[in-house]
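This is final11.cif (mmCIF, C-alpha atoms).
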```
data_query
#
loop_
_atom_site.label_atom_id
_atom_site.label_comp_id
_atom_site.auth_asym_id
_atom_site.auth_seq_id
_atom_site.Cartn_x
_atom_site.Cartn_y
_atom_site.Cartn_z
CA MET A 1 129.69 78.71 113.18
CA LEU A 2 129.06 82.38 112.40
CA ASP A 3 129.43 85.14 114.94
CA PHE A 4 127.57 88.37 114.28
CA VAL A 5 129.25 91.59 115.37
CA PRO A 6 128.36 95.22 114.81
CA LEU A 7 129.72 96.27 111.44
CA ALA A 8 131.32 99.32 113.03
CA THR A 9 133.72 97.01 114.91
CA VAL A 10 135.22 95.68 111.66
CA ASP A 11 137.94 97.55 109.79
CA ALA A 12 136.24 99.60 107.06
CA GLU A 13 138.89 98.63 104.49
CA ARG A 14 138.15 94.92 105.06
CA VAL A 15 134.48 95.63 104.45
CA GLU A 16 135.19 97.60 101.25
CA ARG A 17 137.42 94.83 99.91
CA LEU A 18 134.67 92.29 100.56
CA LEU A 19 132.14 94.51 98.76
CA ASP A 20 134.55 94.78 95.81
CA ARG A 21 134.87 90.99 95.64
CA ALA A 22 131.15 90.33 96.09
CA PHE A 23 129.91 92.83 93.49
CA GLU A 24 131.03 93.79 90.03
CA PRO A 25 133.18 96.83 89.32
CA GLY A 26 131.17 100.01 89.12
CA ARG A 27 128.99 99.13 92.11
CA HIS A 28 129.07 102.77 93.26
CA ALA A 29 127.08 103.80 90.16
CA ARG A 30 124.12 101.64 91.16
CA THR A 31 120.77 103.24 91.97
CA ALA A 32 120.97 101.93 95.55
CA TYR A 33 123.99 104.16 96.17
CA ALA A 34 122.03 107.22 94.99
CA ILE A 35 119.11 106.38 97.28
CA ARG A 36 121.37 106.36 100.35
CA ALA A 37 123.77 109.12 99.27
CA GLY A 38 125.15 111.22 102.09
CA THR A 39 123.91 108.97 104.88
CA ALA A 40 125.67 106.64 107.27
CA ALA A 41 124.56 103.06 107.83
CA ILE A 42 122.35 102.48 110.87
CA PRO A 43 124.82 101.01 113.38
CA GLU A 44 122.32 98.92 115.34
CA LEU A 45 121.10 97.19 112.14
CA SER A 46 124.41 96.70 110.28
CA PHE A 47 126.46 93.56 110.97
CA ALA A 48 129.42 91.47 109.94
CA ALA A 49 129.41 87.68 109.97
CA LEU A 50 132.71 86.27 111.21
CA ASP A 51 133.77 82.65 110.96
CA GLU A 52 136.65 82.08 113.37
CA GLY A 53 137.65 85.72 112.89
CA THR A 54 137.46 85.60 109.09
CA LEU A 55 135.01 88.02 107.47
CA ALA A 56 132.38 85.89 105.73
CA GLY A 57 129.80 88.56 104.97
CA THR A 58 128.23 91.89 105.83
CA ILE A 59 124.85 93.57 105.82
CA HIS A 60 124.21 97.30 105.91
CA CYS A 61 120.93 99.08 106.67
CA TRP A 62 120.41 102.75 105.84
CA PRO A 63 117.98 105.53 106.72
CA ALA A 64 115.87 106.49 103.72
CA ARG A 65 112.55 108.13 102.99
CA LEU A 66 109.81 108.21 100.43
CA THR A 67 109.00 111.82 99.62
CA ARG A 68 105.39 111.56 98.54
CA ASP A 69 103.95 113.55 95.66
CA ASP A 70 101.34 114.95 98.08
CA GLY A 71 104.14 116.68 100.02
CA GLY A 72 104.48 114.23 102.89
CA ALA A 73 107.42 111.98 103.66
CA ASP A 74 107.66 108.49 105.09
CA PRO A 75 110.78 107.19 106.85
CA LEU A 76 112.07 103.82 105.64
CA VAL A 77 115.00 101.52 106.28
CA MET A 78 116.92 100.42 103.20
CA VAL A 79 118.36 96.94 103.63
CA GLY A 80 121.55 96.09 101.79
CA PRO A 81 123.92 95.46 100.41
CA VAL A 82 124.19 91.93 101.68
CA ALA A 83 127.74 90.95 100.72
CA VAL A 84 129.11 87.43 101.05
CA GLU A 85 132.66 86.33 100.43
CA PRO A 86 132.46 84.67 96.98
CA ALA A 87 133.91 81.38 98.26
CA ARG A 88 131.15 81.30 100.91
CA GLN A 89 128.20 82.06 98.62
CA GLY A 90 125.52 79.40 98.69
CA GLN A 91 126.41 78.37 102.25
CA GLY A 92 123.66 80.32 104.02
CA VAL A 93 125.76 83.31 105.11
CA GLY A 94 123.52 85.85 103.35
CA GLY A 95 120.35 84.31 104.75
CA ALA A 96 121.81 84.26 108.25
CA LEU A 97 122.78 87.93 107.94
CA MET A 98 119.27 88.84 106.74
CA THR A 99 117.66 86.91 109.58
CA HIS A 100 119.95 88.56 112.12
CA ALA A 101 119.37 92.09 110.77
CA LEU A 102 115.60 91.59 110.58
CA ALA A 103 115.54 90.35 114.17
CA ALA A 104 117.53 93.41 115.25
CA ALA A 105 115.13 95.68 113.35
CA SER A 106 112.19 94.03 115.08
CA ALA A 107 113.82 94.36 118.51
CA LYS A 108 114.47 98.07 117.88
CA ARG A 109 110.99 98.55 116.40
CA LEU A 110 112.51 99.66 113.11
CA ASP A 111 110.87 96.94 111.04
CA GLY A 112 107.68 98.75 110.04
CA ALA A 113 108.89 99.92 106.62
CA LEU A 114 111.88 98.10 105.14
CA PHE A 115 112.85 98.01 101.47
CA LEU A 116 115.63 96.82 99.23
CA ILE A 117 116.59 96.31 95.63
CA GLY A 118 117.14 92.62 95.01
CA ASP A 119 115.94 89.35 93.56
CA PRO A 120 112.34 88.64 94.57
CA GLU A 121 113.02 84.92 94.26
CA TYR A 122 115.58 85.22 97.08
CA TYR A 123 114.16 87.99 99.27
CA GLY A 124 110.57 86.78 99.05
CA ARG A 125 111.35 84.18 101.70
CA PHE A 126 111.99 87.07 104.10
CA GLY A 127 108.61 88.65 103.34
CA PHE A 128 109.73 91.22 100.75
CA THR A 129 107.40 91.86 97.80
CA ALA A 130 106.94 94.48 95.08
CA GLU A 131 103.22 94.96 95.61
CA ARG A 132 103.47 98.27 97.55
CA THR A 133 106.41 99.78 95.64
CA VAL A 134 104.70 100.03 92.26
CA LYS A 135 104.29 103.82 92.39
CA TRP A 136 107.69 104.58 93.90
CA ARG A 137 110.31 106.36 91.81
CA VAL A 138 114.05 106.03 92.27
CA PRO A 139 117.01 108.25 91.30
CA GLY A 140 118.26 105.91 88.59
CA PRO A 141 117.39 102.77 86.70
CA VAL A 142 115.78 99.82 88.46
CA GLU A 143 113.94 96.69 87.42
CA ARG A 144 110.50 97.30 88.96
CA ARG A 145 110.18 93.67 90.08
CA ARG A 146 113.38 94.08 92.14
CA LEU A 147 112.15 97.07 94.21
CA LEU A 148 110.83 95.20 97.24
CA ALA A 149 109.41 96.13 100.64
CA ARG A 150 108.00 94.58 103.79
CA GLY A 151 106.38 95.83 106.98
CA ASN A 152 103.08 97.18 108.23
CA ASP A 153 104.06 100.81 107.64
CA VAL A 154 105.26 100.55 104.04
CA PRO A 155 103.68 103.45 102.14
CA GLY A 156 101.95 102.55 98.92
CA GLY A 157 101.56 106.00 97.39
CA GLU A 158 103.45 107.81 94.66
CA GLY A 159 106.76 109.36 95.53
CA MET A 160 110.53 109.46 95.19
CA LEU A 161 112.95 107.39 97.25
CA GLY A 162 115.98 109.14 98.66
CA PRO A 163 118.28 109.46 101.61
CA CYS A 164 117.11 110.47 105.08
CA PRO A 165 120.02 111.76 107.16
CA ARG A 166 119.63 110.66 110.78
#
```
Would you give me this structure, written as structure tokens?
Amino acid sequence: MLDFVPLATVDAERVERLLDRAFEPGRHARTAYAIRAGTAAIPELSFAALDEGTLAGTIHCWPARLTRDDGGADPLVMVGPVAVEPARQGQGVGGALMTHALAAASAKRLDGALFLIGDPEYYGRFGFTAERTVKWRVPGPVERRRLLARGNDVPGGEGMLGPCPR
């Protein structure tokens, strides 16, 4: 059985080692890292999944914004990465982390404009789609079909994604 704890209560080195195992080398060069550059994860939306004290997975959520071409800006929450210990992948850890983080976002009323970069085949079951992100730009390469969002306040206009220091 998984226990969810605030990510801040887990040793940061353990988390980094899990991220290294879960993702390929060079993960820091990904576009997602540029979008959230200079920000800290949102503590009340970032969790670790522990199985009898063993780190099984993590989820981070970050403050971000869409700076619209018309001069306005919309706050967003960037979900991810969702990292699962490779030996535990396919066992529902990632889905459980997503469900837990989305419930926390709803409870904190931070679920109006969420986005992520990920597989639509996987994240579609959580309500994420690419239909409102078509005109968004990002600071790096991205497969358009993988730029996904959900929530009633997701902006649909043209603009650039970037960090939003809290």
By how many Å are CA of Arg30 (chain A) and CA of Arg17 (chain A) apart?
17.3 Å
Distance of CA of Gly80 (chain A) from CA of Leu147 (chain A), expressed in Å to one decimal place:
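These atoms are spaced 12.1 Å apart.
Taking all atoms listed in the file into account, Gly71 (chain A) lies nearest to A:Gly157 out of the set A:Pro165, A:Gly90, A:Gly140, A:Gly157.
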Nearest candidate to Arg14 (chain A) (options A:Ala113, A:Leu102, A:Ala56, A:Gly124; using all atoms listed in the file):
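Among the listed residues, A:Ala56 lies closest to Arg14 (chain A).
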Quick one: apply the PyMOL selection byres ((chain A and resi 116) around 8) to the file and drop the selected residues here as a PDB file with C-alpha atoms, keeping the file's coordinate frame.
```pdb
ATOM      1  CA  MET A  78     116.920 100.420 103.200  1.00  0.00           C
ATOM      2  CA  VAL A  79     118.360  96.940 103.630  1.00  0.00           C
ATOM      3  CA  GLY A  80     121.550  96.090 101.790  1.00  0.00           C
ATOM      4  CA  LEU A 114     111.880  98.100 105.140  1.00  0.00           C
ATOM      5  CA  PHE A 115     112.850  98.010 101.470  1.00  0.00           C
ATOM      6  CA  ILE A 117     116.590  96.310  95.630  1.00  0.00           C
ATOM      7  CA  GLY A 118     117.140  92.620  95.010  1.00  0.00           C
ATOM      8  CA  ARG A 146     113.380  94.080  92.140  1.00  0.00           C
ATOM      9  CA  LEU A 147     112.150  97.070  94.210  1.00  0.00           C
ATOM     10  CA  LEU A 148     110.830  95.200  97.240  1.00  0.00           C
ATOM     11  CA  ALA A 149     109.410  96.130 100.640  1.00  0.00           C
TER      12      ALA A 149
END
```
Evaluated on this file, the PyMOL selection byres ((chain A and resi 15) around 12) picks out some residues - which ones are they, written as an MDAnalysis selection string?
chainID A and resid 7:14 16:22 46:50 54:60 81:85
From the set A:Pro43, A:Pro75, A:Pro155, A:Gly162, which residue has the shortest atom-to-atom contact distance to Lys108 (chain A), counting only C-alpha atoms?
A:Pro43
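Near Gly72 (chain A), within a cut-off of 10 Å and counting only C-alpha atoms, sit the residues A:Leu66, A:Thr67, A:Gly159, with same-chain residues fewer than 5 positions away left out.
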Could the residues in this selection be saved with C-alpha atoms as a PDB file, in the coordinates of the input?
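Now in out23.pdb:
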```
ATOM      1  CA  LEU A  66     109.810 108.210 100.430  1.00  0.00           C
ATOM      2  CA  THR A  67     109.000 111.820  99.620  1.00  0.00           C
ATOM      3  CA  GLY A 159     106.760 109.360  95.530  1.00  0.00           C
TER       4      GLY A 159
END
```
Out of A:Arg137, A:Arg36, A:His28, A:Arg144, which residue has the shortest atom-to-atom distance to Leu76 (chain A) when counting only C-alpha atoms?
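Smallest distance to Leu76 (chain A) is found for A:Arg36.
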Can you work out the spacing between CA of Gly38 (chain A) and CA of Arg65 (chain A) in Å, to one decimal?
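About the pair CA of Gly38 (chain A) and CA of Arg65 (chain A): they are 13.0 Å apart.
Shortest atom-to-atom contact with Ala73 (chain A) among A:Met160, A:Met1, A:Leu110, A:Ile35: A:Met160, counting only C-alpha atoms.
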